[in-house]
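Worksheet: one structure, shown below.
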Amino acid sequence: MPDAPRERLAPETFRLPVGKIRSAYYSDTYFARTKELLEARDEHPRVSVQVFAKRAGLLGGIDEAIAVLRLCSGRRLADGTWEDGWPALRVSALDEGDPIEPWETVMTIEGDYGLFAHLETVYLGTLARRSLVMTNVRRVVDAADGRSVLFFPARHDHWLVQTGDGWAAHVAGAIGVSTDANASWWGGRGIGTIPHALIAVYGGDTVAAARDYAAKYAPSSNVICLVDFHNDSVGEAVKVADALGEDLWGVRLDTSEKLVDKALADRPDADRLHGVTPELARAVRDGLDAAGHQRVKIVVSGGFDAEKIERFIAVDAPVDSFGVGSSLIRGNFDFTADVVELEGRAAGKVGRELRPNPRLRLVE
């Protein structure tokens, strides 16, 4: 029996700047002028618009795109009030997180084109961003083969994208995000680790920083400590585990790609062991186990993407979680919208004919 469709997010979730979107502030000028021209001529062409992408992946941002149509379609009346266009539109769409194929129709919009011509830039951009993040995250989740993935790219992009990016990561299978904004759409909270900065302001004393941090935060969250501050991840991991005991959930390895950790420096193959490697994870695991800290988890970070994760999995590196950052927001995932019917007759440009999709469901 197929899974029930995911319940759509309420339009209010997205806190859209409705007035500016309605006024075409965020729209390509040619769409704004198209709407103005139709209204000036009092023309109301009834069209069918279909939306698709040219690559496979996961569909993200569809609920936000629907919210844009629901809250911002319509027309400005002579007295300055806004006439709501949503009741006159018929929208069908796939769901958040649905797998899609190249050229597959993901949404159709039927109705008076003048009611929503100005919104194409906004809803396509929403789909592009969220689908990119969701597809990237699912790829690393699949690569991690059951190990958890932490979504840590917030510092690599503008803060305004955090809410929707975090939601896309959540749908795609990330088990943690780094900011409260990332987690806000499902009512979660950001998670994190003891940072290098806190260790630095404690004069480089990782144990002291970890002890004070755990005293304050261990009752409410997992304590994960960075242990590469002195490029001695094995030694620091054991010291922190000895000091914190049950309050320590895990240690995080984040060695610079310019360095070889002290534990690996004397190996004959040290010249290929820069940064965080499976060998370093193994050395830390062995060190913790030898000191009686088998329960302490290992989190790795630093330049991870699907390919790097696959290399760790292939050699069964002892890693419990992968912290992944900038690779999750890189690339492109473009969407296109075409008018394909006018007054019930084919009207698309050559090569852009109607492609019905039985997977679409009507948006009530």
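By order in the structure tokens, chains are A, B, ...; within a chain, residues start at 1; ligands start at 1, following the order shown.
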Item to check | Residue contacts of range 24-37 of chain A (7 Å, only C-alpha atoms) excluding same-chain residues fewer than 5 positions away, as a list in words | outcome: Gly114, Ala117, His118, Leu119, Thr121 and Val122 of chain A
Item to check | Filtered DSSP result for range 52-173 of chain A, state helix (DSSP H, G or I), as a PyMOL selection string | outcome: chain A and resi 62-72+86-88+113-115+117-144+154-156+159-172
Next on the checklist: From a backbone DSSP assignment, name each residue in range 19-246 of chain A labelled strand (DSSP E), as a PyMOL selection string.
Outcome noted: chain A and resi 46-53+57-58+74-76+82-84+90-93+99-100+105-112+148-151+176-177+224-226
Checklist outcome for this item: Restricting to only C-alpha atoms, whichever of A:Val171, A:Val161, A:Leu253, A:Ala144 is closest to Ile194 in chain A is A:Leu253
Checklist entry - Of the residues A:Arg352, A:Ser48, A:Gly250, A:Gly166, which is the one nearest to Arg295 in chain A, using only C-alpha atoms? => result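 Under the stated criterion, the closest residue is A:Gly250.
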Next on the checklist: When you look at Leu362 in chain A with a cut-off of 8 Å (counting only C-alpha atoms), what residues show up, excluding the ones that are within fewer than 6 positions of it in the same chain? I need them as an MDAnalysis selection string.
Outcome noted: chainID A and resid 90:93
Restricting the output to C-alpha atoms, write the selected residues as a short mmCIF file (atom, residue, chain, number, x, y, z; two decimals), in the first residue's frame.
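Final output, part.cif:
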```cif
data_model
loop_
_atom_site.label_atom_id
_atom_site.label_comp_id
_atom_site.auth_asym_id
_atom_site.auth_seq_id
_atom_site.Cartn_x
_atom_site.Cartn_y
_atom_site.Cartn_z
CA ARG A 90 -6.62 25.20 -10.32
CA VAL A 91 -3.24 23.89 -9.15
CA SER A 92 -2.02 20.30 -9.12
CA ALA A 93 1.38 19.28 -7.82
#
```
Item to check | Non-local contacts of Gly146 in chain A (10 Å; only C-alpha atoms; under 5 positions in same chain excluded) as a PyMOL selection string | outcome: chain A and resi 141+313+320-321
Those residues you just picked out, can you put them in a file as a PDB file, in the first residue's frame with C-alpha atoms?
```pdb
ATOM      1  CA  VAL A 141      22.510  10.368   3.224  1.00  0.00           C
ATOM      2  CA  ILE A 313      32.190   3.677   3.989  1.00  0.00           C
ATOM      3  CA  ASP A 320      29.045   7.472  13.545  1.00  0.00           C
ATOM      4  CA  SER A 321      28.102  10.815  11.972  1.00  0.00           C
TER       5      SER A 321
END
```
Item to check | Pick from A:Ala67, A:Met134, A:Ala183, A:Ala314, whichever lies nearest to Pro99 in chain A using only C-alpha atoms | outcome: A:Met134
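Near Glu104 in chain A, within a cut-off of 8 Å and counting only C-alpha atoms, sit the residues A:Phe52, A:Ala53, A:Ile100, A:Arg355, A:Asn357, with same-chain residues fewer than 4 positions away left out.
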Could the residues in this selection be written to a file with N, CA and C atoms, as a JSON list (two decimals), in the first residue's frame?
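What follows is the written file selection-v4.json:
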```json
[["chain", "number", "residue", "atom", "x", "y", "z"],
["A", 52, "PHE", "N", 8.54, 22.06, -14.84],
["A", 52, "PHE", "CA", 9.38, 20.86, -14.87],
["A", 52, "PHE", "C", 10.83, 21.24, -14.65],
["A", 53, "ALA", "N", 11.65, 20.23, -14.37],
["A", 53, "ALA", "CA", 13.11, 20.39, -14.30],
["A", 53, "ALA", "C", 13.73, 19.48, -15.35],
["A", 100, "ILE", "N", 11.81, 12.88, -8.78],
["A", 100, "ILE", "CA", 11.35, 13.34, -10.09],
["A", 100, "ILE", "C", 12.37, 12.97, -11.16],
["A", 355, "ARG", "N", 2.45, 17.72, -21.12],
["A", 355, "ARG", "CA", 2.89, 16.40, -20.68],
["A", 355, "ARG", "C", 2.15, 16.07, -19.39],
["A", 357, "ASN", "N", 0.80, 14.33, -16.07],
["A", 357, "ASN", "CA", 1.48, 13.47, -15.11],
["A", 357, "ASN", "C", 0.44, 12.94, -14.12]]
```
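Counting only C-alpha atoms, the residue from A:Gly203, A:Ser23, A:Leu127, A:Tyr113 that sits nearest to Asp334 in chain A is A:Leu127.
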Next on the checklist: Just want the 10 Å neighbourhood of Ser256 in chain A, counted on only C-alpha atoms, with same-chain residues fewer than 5 positions away dropped. Output as number ranges by chain.
Outcome noted: A: 228-229, 231, 261, 274-276, 301-303
Next on the checklist: Can you tell me which residues surround His44 in chain A at a distance of at most 10 Å, considering only C-alpha atoms, apart from same-chain residues fewer than 5 positions away, and format the answer as a PyMOL selection string?
Outcome noted: chain A and resi 38-39+111-115
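Considering only C-alpha atoms, the residue among A:Gly188, A:Gly325, A:Gly348, A:Gly164 positioned nearest to Ala65 in chain A is A:Gly164.
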Checklist entry - Of the candidates A:Val238, A:Leu69, A:Val223, A:Val319, which shows the shortest atom-to-atom distance to Asp289 in chain A, using only C-alpha atoms? => result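 Of A:Val238, A:Leu69, A:Val223, A:Val319, the one nearest Asp289 in chain A, counting only C-alpha atoms, is A:Val238.
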